[in-house]
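For reference, structure-v1.cif (mmCIF, C-alpha atoms):
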data_final
#
loop_
_atom_site.group_PDB
_atom_site.id
_atom_site.type_symbol
_atom_site.label_atom_id
_atom_site.label_comp_id
_atom_site.auth_asym_id
_atom_site.auth_seq_id
_atom_site.Cartn_x
_atom_site.Cartn_y
_atom_site.Cartn_z
ATOM 1 C CA MET A 13 -0.173 25.665 -0.497
ATOM 2 C CA THR A 14 -1.521 22.440 0.977
ATOM 3 C CA ASN A 15 -5.268 21.954 0.691
ATOM 4 C CA PRO A 16 -6.778 22.665 4.137
ATOM 5 C CA GLN A 17 -8.910 19.516 3.887
ATOM 6 C CA SER A 18 -5.807 17.309 3.599
ATOM 7 C CA LEU A 19 -4.857 14.876 6.357
ATOM 8 C CA LEU A 20 -1.058 14.700 6.420
ATOM 9 C CA HIS A 21 -0.538 14.290 10.167
ATOM 10 C CA LEU A 22 -2.510 14.642 13.387
ATOM 11 C CA ASP A 23 -0.370 17.235 15.146
ATOM 12 C CA ASN A 24 -2.636 20.181 14.381
ATOM 13 C CA LEU A 25 -5.949 18.444 15.035
ATOM 14 C CA SER A 26 -7.610 19.181 18.369
ATOM 15 C CA LYS A 27 -9.057 16.443 20.552
ATOM 16 C CA ASP A 28 -12.533 17.705 19.722
ATOM 17 C CA SER A 29 -11.847 17.475 15.973
ATOM 18 C CA ILE A 30 -10.546 13.936 16.340
ATOM 19 C CA LEU A 31 -13.491 12.900 18.506
ATOM 20 C CA SER A 32 -15.831 14.356 15.896
ATOM 21 C CA LEU A 33 -14.212 12.268 13.145
ATOM 22 C CA LEU A 34 -14.403 9.115 15.254
ATOM 23 C CA ALA A 35 -17.998 9.831 16.220
ATOM 24 C CA GLU A 36 -18.804 10.078 12.514
ATOM 25 C CA ALA A 37 -17.067 6.739 11.943
ATOM 26 C CA LYS A 38 -19.176 5.208 14.716
ATOM 27 C CA ASN A 39 -22.364 6.569 13.165
ATOM 28 C CA ILE A 40 -21.372 5.097 9.811
ATOM 29 C CA LYS A 41 -20.573 1.742 11.412
ATOM 30 C CA ASN A 42 -23.911 1.697 13.242
ATOM 31 C CA SER A 43 -25.804 2.714 10.055
ATOM 32 C CA GLU A 44 -26.860 5.971 11.716
ATOM 33 C CA ASN A 45 -25.281 7.980 8.900
ATOM 34 C CA ASP A 46 -25.814 6.652 5.397
ATOM 35 C CA VAL A 47 -22.848 7.737 3.275
ATOM 36 C CA SER A 48 -23.362 5.028 0.666
ATOM 37 C CA SER A 49 -24.095 7.503 -2.147
ATOM 38 C CA SER A 50 -22.115 10.523 -0.968
ATOM 39 C CA MET A 51 -19.299 10.090 -3.502
ATOM 40 C CA VAL A 52 -21.379 9.741 -6.668
ATOM 41 C CA ASN A 53 -19.439 11.293 -9.593
ATOM 42 C CA LYS A 54 -16.349 11.705 -7.380
ATOM 43 C CA ILE A 55 -12.965 10.169 -8.228
ATOM 44 C CA LEU A 56 -10.263 8.955 -5.837
ATOM 45 C CA THR A 57 -6.721 8.556 -7.129
ATOM 46 C CA PRO A 58 -4.583 6.240 -4.979
ATOM 47 C CA ILE A 59 -0.854 6.842 -5.419
ATOM 48 C CA PHE A 60 1.131 4.090 -3.744
ATOM 49 C CA LEU A 61 4.868 4.409 -4.207
ATOM 50 C CA GLN A 62 5.495 1.443 -1.938
ATOM 51 C CA GLU A 63 4.163 -2.111 -2.025
ATOM 52 C CA ASN A 64 1.018 -2.297 0.054
ATOM 53 C CA SER A 65 -2.153 -4.324 0.206
ATOM 54 C CA ARG A 66 -3.928 -3.495 3.457
ATOM 55 C CA THR A 67 -4.056 0.310 3.262
ATOM 56 C CA PHE A 68 -4.594 0.283 -0.505
ATOM 57 C CA ILE A 69 -7.560 -2.075 -0.280
ATOM 58 C CA ASN A 70 -9.054 -0.332 2.756
ATOM 59 C CA SER A 71 -8.761 3.159 1.285
ATOM 60 C CA THR A 72 -10.118 2.280 -2.158
ATOM 61 C CA SER A 73 -12.880 -0.135 -1.152
ATOM 62 C CA SER A 74 -14.147 2.420 1.372
ATOM 63 C CA PHE A 75 -14.502 4.972 -1.430
ATOM 64 C CA VAL A 76 -16.259 2.476 -3.711
ATOM 65 C CA ARG A 77 -18.736 1.716 -0.896
ATOM 66 C CA MET A 78 -19.636 5.431 -1.036
ATOM 67 C CA CYS A 79 -20.458 5.067 -4.772
ATOM 68 C CA GLY A 80 -17.212 6.765 -5.760
ATOM 69 C CA THR A 81 -14.891 5.748 -8.592
ATOM 70 C CA VAL A 82 -11.273 4.744 -8.044
ATOM 71 C CA LEU A 83 -8.789 5.810 -10.703
ATOM 72 C CA SER A 84 -5.940 3.385 -10.138
ATOM 73 C CA VAL A 85 -2.769 4.773 -11.651
ATOM 74 C CA PRO A 86 -0.141 2.268 -12.846
ATOM 75 C CA LEU A 87 2.804 4.530 -12.075
ATOM 76 C CA SER A 88 5.198 2.535 -14.212
ATOM 77 C CA ASN A 89 3.124 3.663 -17.207
ATOM 78 C CA THR A 90 3.370 7.340 -16.297
ATOM 79 C CA ARG A 91 6.224 9.710 -16.914
ATOM 80 C CA TYR A 92 6.283 10.387 -13.184
ATOM 81 C CA GLY A 93 7.007 6.772 -12.303
ATOM 82 C CA SER A 94 9.153 5.915 -15.316
ATOM 83 C CA LYS A 95 12.698 6.840 -16.307
ATOM 84 C CA TRP A 96 11.339 10.195 -17.484
ATOM 85 C CA ALA A 97 11.120 11.165 -13.792
ATOM 86 C CA GLU A 98 8.462 13.809 -14.433
ATOM 87 C CA PRO A 99 8.514 16.535 -11.741
ATOM 88 C CA ILE A 100 5.870 16.186 -9.045
ATOM 89 C CA GLN A 101 4.339 19.564 -9.880
ATOM 90 C CA ASP A 102 3.800 18.515 -13.521
ATOM 91 C CA PHE A 103 2.294 15.181 -12.496
ATOM 92 C CA CYS A 104 -0.027 16.977 -10.074
ATOM 93 C CA THR A 105 -1.495 19.083 -12.864
ATOM 94 C CA ILE A 106 -2.968 15.870 -14.285
ATOM 95 C CA ILE A 107 -4.257 14.678 -10.926
ATOM 96 C CA ASN A 108 -5.768 18.078 -10.151
ATOM 97 C CA SER A 109 -7.743 18.132 -13.374
ATOM 98 C CA CYS A 110 -8.964 14.526 -13.318
ATOM 99 C CA SER A 111 -9.605 13.635 -9.690
ATOM 100 C CA ASP A 112 -11.336 14.823 -6.500
ATOM 101 C CA PHE A 113 -9.461 13.022 -3.713
ATOM 102 C CA VAL A 114 -5.979 11.549 -3.337
ATOM 103 C CA VAL A 115 -4.542 8.959 -0.967
ATOM 104 C CA ILE A 116 -0.775 8.576 -1.119
ATOM 105 C CA GLN A 117 1.895 6.398 0.457
ATOM 106 C CA SER A 118 5.641 6.743 -0.034
ATOM 107 C CA LEU A 119 8.742 4.893 1.048
ATOM 108 C CA ASP A 120 10.506 8.152 1.915
ATOM 109 C CA VAL A 121 9.384 10.912 4.281
ATOM 110 C CA ASN A 122 9.313 13.921 1.954
ATOM 111 C CA THR A 123 7.398 12.833 -1.159
ATOM 112 C CA VAL A 124 3.949 12.953 0.467
ATOM 113 C CA PHE A 125 4.537 16.495 1.722
ATOM 114 C CA GLU A 126 6.026 17.629 -1.585
ATOM 115 C CA PHE A 127 3.086 16.155 -3.453
ATOM 116 C CA SER A 128 0.601 17.956 -1.199
ATOM 117 C CA LYS A 129 2.190 21.319 -2.023
ATOM 118 C CA PHE A 130 1.237 21.007 -5.690
ATOM 119 C CA CYS A 131 -2.002 19.065 -5.293
ATOM 120 C CA ASP A 132 -5.152 21.222 -5.091
ATOM 121 C CA LEU A 133 -7.217 18.295 -3.822
ATOM 122 C CA PRO A 134 -7.755 16.826 -0.336
ATOM 123 C CA VAL A 135 -4.839 14.449 0.277
ATOM 124 C CA ILE A 136 -4.680 11.614 2.801
ATOM 125 C CA ASN A 137 -1.233 10.544 3.962
ATOM 126 C CA ALA A 138 -1.387 6.741 4.025
ATOM 127 C CA GLY A 139 2.140 6.449 5.419
ATOM 128 C CA ASN A 140 5.456 8.058 4.578
ATOM 129 C CA GLY A 141 8.888 6.699 5.372
ATOM 130 C CA SER A 142 10.287 6.199 8.864
ATOM 131 C CA GLY A 143 11.994 8.369 11.468
ATOM 132 C CA VAL A 144 11.662 12.140 11.811
ATOM 133 C CA GLY A 145 8.741 13.424 9.743
ATOM 134 C CA ALA A 146 7.210 9.993 9.161
ATOM 135 C CA GLU A 147 3.518 9.643 9.938
ATOM 136 C CA HIS A 148 0.594 7.278 9.459
ATOM 137 C CA PRO A 149 -2.404 9.296 10.688
ATOM 138 C CA MET A 150 -4.996 6.848 9.347
ATOM 139 C CA GLN A 151 -3.477 3.926 11.222
ATOM 140 C CA ALA A 152 -3.412 5.877 14.474
ATOM 141 C CA LEU A 153 -7.012 7.069 14.028
ATOM 142 C CA LEU A 154 -8.404 3.620 13.326
ATOM 143 C CA ASP A 155 -6.444 2.290 16.313
ATOM 144 C CA LEU A 156 -7.944 4.891 18.635
ATOM 145 C CA PHE A 157 -11.376 4.196 17.147
ATOM 146 C CA THR A 158 -10.953 0.460 17.813
ATOM 147 C CA ILE A 159 -9.810 1.103 21.384
ATOM 148 C CA GLN A 160 -12.787 3.360 22.053
ATOM 149 C CA GLN A 161 -15.169 0.750 20.663
ATOM 150 C CA ILE A 162 -13.999 -1.581 23.457
ATOM 151 C CA TYR A 163 -13.034 0.723 26.311
ATOM 152 C CA GLY A 164 -14.876 3.970 25.605
ATOM 153 C CA GLU A 165 -12.834 7.067 26.423
ATOM 154 C CA ARG A 166 -11.246 5.553 29.532
ATOM 155 C CA GLU A 167 -7.522 6.234 29.873
ATOM 156 C CA LEU A 168 -5.577 2.997 29.437
ATOM 157 C CA ASN A 169 -2.188 1.513 30.201
ATOM 158 C CA ILE A 170 -0.691 0.615 26.826
ATOM 159 C CA LEU A 171 2.550 -1.262 26.184
ATOM 160 C CA MET A 172 4.119 -0.400 22.824
ATOM 161 C CA LEU A 173 6.419 -3.047 21.339
ATOM 162 C CA GLY A 174 8.730 -2.796 18.337
ATOM 163 C CA GLY A 175 10.486 -0.044 16.437
ATOM 164 C CA LYS A 176 9.642 3.426 17.728
ATOM 165 C CA HIS A 177 10.879 4.918 14.443
ATOM 166 C CA ILE A 178 8.119 3.187 12.455
ATOM 167 C CA ARG A 179 5.605 5.676 11.056
ATOM 168 C CA SER A 180 2.640 3.921 12.672
ATOM 169 C CA THR A 181 4.313 3.920 16.081
ATOM 170 C CA ARG A 182 5.254 7.580 15.798
ATOM 171 C CA SER A 183 1.659 8.656 15.054
ATOM 172 C CA GLN A 184 0.214 6.296 17.674
ATOM 173 C CA ILE A 185 2.491 7.578 20.435
ATOM 174 C CA LYS A 186 1.522 11.180 19.776
ATOM 175 C CA LEU A 187 -2.208 10.430 19.466
ATOM 176 C CA PHE A 188 -2.460 8.056 22.427
ATOM 177 C CA ARG A 189 -0.657 10.556 24.667
ATOM 178 C CA LYS A 190 -2.992 13.340 23.516
ATOM 179 C CA PHE A 191 -5.898 11.267 24.832
ATOM 180 C CA GLY A 192 -4.263 10.620 28.195
ATOM 181 C CA HIS A 193 -3.222 7.011 27.789
ATOM 182 C CA GLU A 194 -0.255 5.897 29.900
ATOM 183 C CA LEU A 195 2.407 4.471 27.597
ATOM 184 C CA THR A 196 5.242 2.066 28.286
ATOM 185 C CA ILE A 197 7.619 1.212 25.448
ATOM 186 C CA MET A 198 9.909 -1.698 24.688
ATOM 187 C CA SER A 199 11.949 -0.828 21.622
ATOM 188 C CA PRO A 200 15.461 -1.244 20.217
ATOM 189 C CA THR A 201 17.648 1.739 19.381
ATOM 190 C CA SER A 202 16.215 3.620 16.415
ATOM 191 C CA PRO A 203 18.228 2.801 13.251
ATOM 192 C CA VAL A 204 17.352 6.177 11.665
ATOM 193 C CA ASP A 205 17.064 9.743 12.933
ATOM 194 C CA ASN A 206 14.069 9.634 15.253
ATOM 195 C CA LYS A 207 15.089 12.233 17.795
ATOM 196 C CA ASP A 208 11.666 13.735 18.456
ATOM 197 C CA ILE A 209 9.982 10.465 19.427
ATOM 198 C CA ASP A 210 13.158 9.105 21.053
ATOM 199 C CA GLU A 211 13.116 12.164 23.317
ATOM 200 C CA ILE A 212 9.476 11.631 24.249
ATOM 201 C CA CYS A 213 10.136 7.981 25.053
ATOM 202 C CA LYS A 214 13.163 8.830 27.176
ATOM 203 C CA ASN A 215 11.646 11.690 29.173
ATOM 204 C CA GLU A 216 7.923 11.019 29.279
ATOM 205 C CA MET A 217 7.433 7.258 28.975
ATOM 206 C CA ARG A 218 8.623 4.241 30.885
ATOM 207 C CA GLU A 219 11.095 2.179 28.862
ATOM 208 C CA VAL A 220 11.602 -1.534 29.531
ATOM 209 C CA GLU A 221 13.903 -4.127 28.005
ATOM 210 C CA THR A 222 11.818 -7.296 28.438
ATOM 211 C CA LEU A 223 8.184 -8.191 29.026
ATOM 212 C CA GLU A 224 9.229 -9.534 32.386
ATOM 213 C CA ASP A 225 10.214 -5.997 33.466
ATOM 214 C CA ILE A 226 6.572 -4.946 33.659
ATOM 215 C CA ASP A 227 3.529 -6.332 35.447
ATOM 216 C CA LEU A 228 1.328 -7.269 32.505
ATOM 217 C CA LYS A 229 -1.645 -7.684 34.827
ATOM 218 C CA ASN A 230 -1.769 -3.873 34.875
ATOM 219 C CA ILE A 231 -1.574 -3.462 31.079
ATOM 220 C CA ASP A 232 -4.816 -3.039 29.145
ATOM 221 C CA VAL A 233 -3.395 -3.202 25.614
ATOM 222 C CA ILE A 234 -0.197 -4.565 24.102
ATOM 223 C CA TYR A 235 0.437 -2.909 20.748
ATOM 224 C CA HIS A 236 3.045 -4.517 18.469
ATOM 225 C CA ASN A 237 4.105 -2.688 15.291
ATOM 226 C CA GLY A 238 6.871 -5.064 14.270
ATOM 227 C CA MET A 239 10.501 -4.041 14.185
ATOM 228 C CA ASP A 240 11.034 -2.042 10.987
ATOM 229 C CA GLU A 241 9.601 -1.007 7.618
ATOM 230 C CA ASN A 242 12.272 -3.268 6.077
ATOM 231 C CA PRO A 243 10.659 -6.726 5.745
ATOM 232 C CA ASP A 244 14.068 -8.423 6.048
ATOM 233 C CA ILE A 245 14.398 -7.332 9.690
ATOM 234 C CA GLU A 246 12.805 -9.807 12.076
ATOM 235 C CA ALA A 247 12.150 -9.700 15.792
ATOM 236 C CA GLY A 248 14.513 -11.154 18.369
ATOM 237 C CA LYS A 249 13.015 -13.636 20.824
ATOM 238 C CA GLU A 250 12.440 -10.957 23.480
ATOM 239 C CA TYR A 251 9.996 -9.207 21.112
ATOM 240 C CA LYS A 252 8.001 -12.305 20.193
ATOM 241 C CA ILE A 253 4.482 -12.679 21.569
ATOM 242 C CA THR A 254 2.956 -16.100 22.077
ATOM 243 C CA ARG A 255 -0.179 -17.236 23.858
ATOM 244 C CA LYS A 256 1.866 -19.261 26.315
ATOM 245 C CA ARG A 257 4.075 -16.292 27.185
ATOM 246 C CA LEU A 258 1.087 -14.009 27.777
ATOM 247 C CA GLU A 259 -0.602 -16.628 29.951
ATOM 248 C CA ILE A 260 2.541 -17.138 32.036
ATOM 249 C CA LEU A 261 2.792 -13.376 32.564
ATOM 250 C CA LYS A 262 -0.940 -13.274 33.480
ATOM 251 C CA PHE A 263 -1.861 -10.777 30.778
ATOM 252 C CA LYS A 264 -5.639 -10.268 30.585
ATOM 253 C CA GLY A 265 -5.908 -7.434 28.067
ATOM 254 C CA LYS A 266 -6.023 -7.090 24.303
ATOM 255 C CA VAL A 267 -3.307 -7.360 21.648
ATOM 256 C CA MET A 268 -3.188 -4.953 18.714
ATOM 257 C CA HIS A 269 -0.973 -5.026 15.635
ATOM 258 C CA SER A 270 -0.761 -2.681 12.639
ATOM 259 C CA LEU A 271 -0.089 -5.678 10.347
ATOM 260 C CA PRO A 272 1.329 -7.295 8.355
ATOM 261 C CA ARG A 273 3.078 -9.382 10.968
ATOM 262 C CA LYS A 274 6.259 -11.350 10.661
ATOM 263 C CA ASN A 275 7.871 -13.583 13.246
ATOM 264 C CA GLU A 276 7.036 -11.286 16.174
ATOM 265 C CA MET A 277 3.521 -12.748 16.384
ATOM 266 C CA GLY A 278 2.161 -15.857 14.733
ATOM 267 C CA ASP A 279 -1.432 -16.998 14.438
ATOM 268 C CA CYS A 280 -1.566 -18.504 17.929
ATOM 269 C CA LEU A 281 -3.595 -15.530 19.208
ATOM 270 C CA ASP A 282 -6.030 -15.342 16.304
ATOM 271 C CA ASP A 283 -8.749 -17.424 17.974
ATOM 272 C CA THR A 284 -8.278 -16.055 21.471
ATOM 273 C CA LYS A 285 -9.807 -13.257 23.530
ATOM 274 C CA TYR A 286 -6.516 -11.338 23.137
ATOM 275 C CA ASN A 287 -7.100 -10.653 19.439
ATOM 276 C CA LEU A 288 -8.083 -7.067 18.644
ATOM 277 C CA TYR A 289 -6.065 -6.739 15.422
ATOM 278 C CA PHE A 290 -8.759 -8.247 13.225
ATOM 279 C CA ASP A 291 -11.178 -5.639 14.579
ATOM 280 C CA GLN A 292 -8.658 -2.976 13.542
ATOM 281 C CA MET A 293 -8.826 -4.189 9.945
ATOM 282 C CA ARG A 294 -12.626 -4.322 9.976
ATOM 283 C CA ASN A 295 -12.862 -0.827 11.458
ATOM 284 C CA SER A 296 -10.565 0.753 8.902
ATOM 285 C CA LYS A 297 -13.277 1.302 6.288
ATOM 286 C CA TYR A 298 -15.438 3.295 8.693
ATOM 287 C CA VAL A 299 -12.602 5.655 9.574
ATOM 288 C CA PHE A 300 -11.659 6.151 5.911
ATOM 289 C CA GLN A 301 -15.294 6.859 5.064
ATOM 290 C CA SER A 302 -15.505 9.361 7.910
ATOM 291 C CA ILE A 303 -12.434 11.184 6.597
ATOM 292 C CA TYR A 304 -13.678 11.236 2.998
ATOM 293 C CA PHE A 305 -17.111 12.454 4.109
ATOM 294 C CA ASN A 306 -15.568 15.178 6.262
ATOM 295 C CA GLN A 307 -13.237 16.279 3.446
ATOM 296 C CA LEU A 308 -16.185 16.504 1.059
ATOM 297 C CA ARG A 309 -18.245 18.488 3.546
ATOM 298 C CA GLU A 310 -15.403 20.917 4.264
ATOM 299 C CA SER A 311 -14.658 21.330 0.549
ATOM 300 C CA LEU A 312 -18.271 22.268 -0.144
ATOM 301 C CA HIS A 313 -18.159 24.929 2.570
ATOM 302 C CA ALA A 314 -14.706 26.246 1.705
#
Spell out the structure here as structure tokens.
Amino acid sequence: MTNPQSLLHLDNLSKDSILSLLAEAKNIKNSENDVSSSMVNKILTPIFLQENSRTFINSTSSFVRMCGTVLSVPLSNTRYGSKWAEPIQDFCTIINSCSDFVVIQSLDVNTVFEFSKFCDLPVINAGNGSGVGAEHPMQALLDLFTIQQIYGERELNILMLGGKHIRSTRSQIKLFRKFGHELTIMSPTSPVDNKDIDEICKNEMREVETLEDIDLKNIDVIYHNGMDENPDIEAGKEYKITRKRLEILKFKGKVMHSLPRKNEMGDCLDDTKYNLYFDQMRNSKYVFQSIYFNQLRESLHA
């Protein structure tokens, strides 16, 4: 049975629960809640089955800032990650006995959920696969936190660009809609089974084919997630954002990106008022710390 303190997706969290987590993150950011020693003698095990820098660094450094210890596991030196192909349940017996928290990312959809079944510890899903079942709850939470830091809880008009099958996009669409934001999407046909989100986009969101199909003066945020989890897939010219293009279309809002970026957006926006994606990176540690702190608190009262 999955540990009740685990964060695998956002579907079952109420708006009040999410607002509480983000309020905690705000208190941590504003130094109104000192969590700097809350993880003394606690161990985080990050299990990243996919190349990653941003989420790995954010999740582990956040724990270290709380005086916790990170037990980095070189999976190639384990029998789980080697040709022995140790069963997940056997590998979890080690993790259960040696750690207190787990953050995991996988290239496929199912591994994170399978792992959580055998792990007795609070697990954070740091991204799993693409298409049906794929989620990135931490990315969506830090995005909503960043938006609320700028706009408060006002309902916004958000244009989503890029692959709607990407795990970040899937979690963002569900979370942004839960908080009443009006979403427009510009996305190619999903290359994998993505029927749940495809259906939402078709029936409950406006779909456009080019930026010129929408009045960008009425858009508060453009969110670009790139085109695919496969780094070899690049954006066609219609999906590329440049400063000149945004100025021509009279866009006055903010640009967000889950990063890393490829050819869909260069550095031409980095030093402009459009840039909100660097704030997203800076805010990540506060949201991770809020989640860890909440998981610890709930575990103590379980």
Going by the chain IDs and residue numbers used in this file, which residues fall under the PyMOL selection byres ((chain A and resi 175) around 12)? Write them as a ChimeraX atom specification.
/A:142-143,172-174,176-182,185,197-204,206,209-210,213,235-242,245-248,251,276
Selected by the PyMOL selection byres ((chain A and resi 78) around 7) in the shown coordinates: which residues, as a compact mmCIF listing (two decimals) with C-alpha atoms, in the frame of the given file?
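What follows is the written file result25.txt:
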# COMPACT_ATOMS: atom_id res chain seq x y z
CA VAL A 47 -22.85 7.74 3.28
CA SER A 48 -23.36 5.03 0.67
CA SER A 49 -24.10 7.50 -2.15
CA SER A 50 -22.12 10.52 -0.97
CA MET A 51 -19.30 10.09 -3.50
CA SER A 74 -14.15 2.42 1.37
CA PHE A 75 -14.50 4.97 -1.43
CA VAL A 76 -16.26 2.48 -3.71
CA ARG A 77 -18.74 1.72 -0.90
CA CYS A 79 -20.46 5.07 -4.77
CA GLY A 80 -17.21 6.76 -5.76
Mind giving me the axis-aligned box for range 148-158 of chain A with 4 Å on every side, centre plus edges in Å to one decimal, as JSON?
{"center_x": -5.4, "center_y": 4.9, "center_z": 14.0, "size_x": 20.0, "size_y": 16.8, "size_z": 17.3}
Please enumerate the residues selected by the PyMOL selection byres ((chain A and resi 152) around 7) when evaluated against the supplied file, formatted as a list in words.
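Matching residues under the PyMOL selection byres ((chain A and resi 152) around 7) are His148, Pro149, Met150, Gln151, Leu153, Leu154, Asp155, Leu156, Ser180, Ser183, Gln184 and Leu187 of chain A.
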Ranking A:Asn287, A:Asn140, A:Asn230, A:Asn64 by minimum distance to Ile253 in chain A and counting only C-alpha atoms, which one comes first?
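Checking each of A:Asn287, A:Asn140, A:Asn230, A:Asn64 against Ile253 in chain A, counting only C-alpha atoms, the winner is A:Asn287.
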Take CA of Leu288 in chain A and CA of Glu63 in chain A and report the distance between them in Å, one decimal.
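Value for the CA of Leu288 in chain A-CA of Glu63 in chain A distance: 24.5 Å.
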Near range 18-31 of chain A, within 8 Å and counting all atoms listed in the file, which residues show up once chain neighbours fewer than 4 positions away are dropped, as number ranges by chain?
A: 14, 35, 124-125, 133-137, 147-149, 183, 186-187, 190-191, 307
Nearest to Thr57 in chain A by atom-to-atom distance, counting only C-alpha atoms, from A:Lys285, A:Leu33, A:Pro86, A:His313
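Of A:Lys285, A:Leu33, A:Pro86, A:His313, the one nearest Thr57 in chain A is A:Pro86, counting only C-alpha atoms.
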Rounded to one decimal place, report the CA of Ile55 in chain A-CA of Phe157 in chain A distance in Å.
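The value is 26.1 Å.
A straight line drawn from CA of Leu223 in chain A to CA of Thr254 in chain A is 11.8 Å long.
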Contacts of Asp132 in chain A within 10 Å, only C-alpha atoms, excl. fewer than 2 positions in-chain, as a list in words
Met13, Thr14, Asn15, Pro16, Gln17, Ser18, Cys104, Thr105, Ile107, Asn108, Ser109, Ser111, Asp112, Phe113, Val114, Phe127, Ser128, Lys129, Phe130, Pro134 and Val135 of chain A
Residues near Phe263 in chain A, cut-off 12 Å, all atoms listed in the file, skip fewer than 5 positions along chain, as a PyMOL selection string
chain A and resi 171+223-224+226-234+253-258+285-286
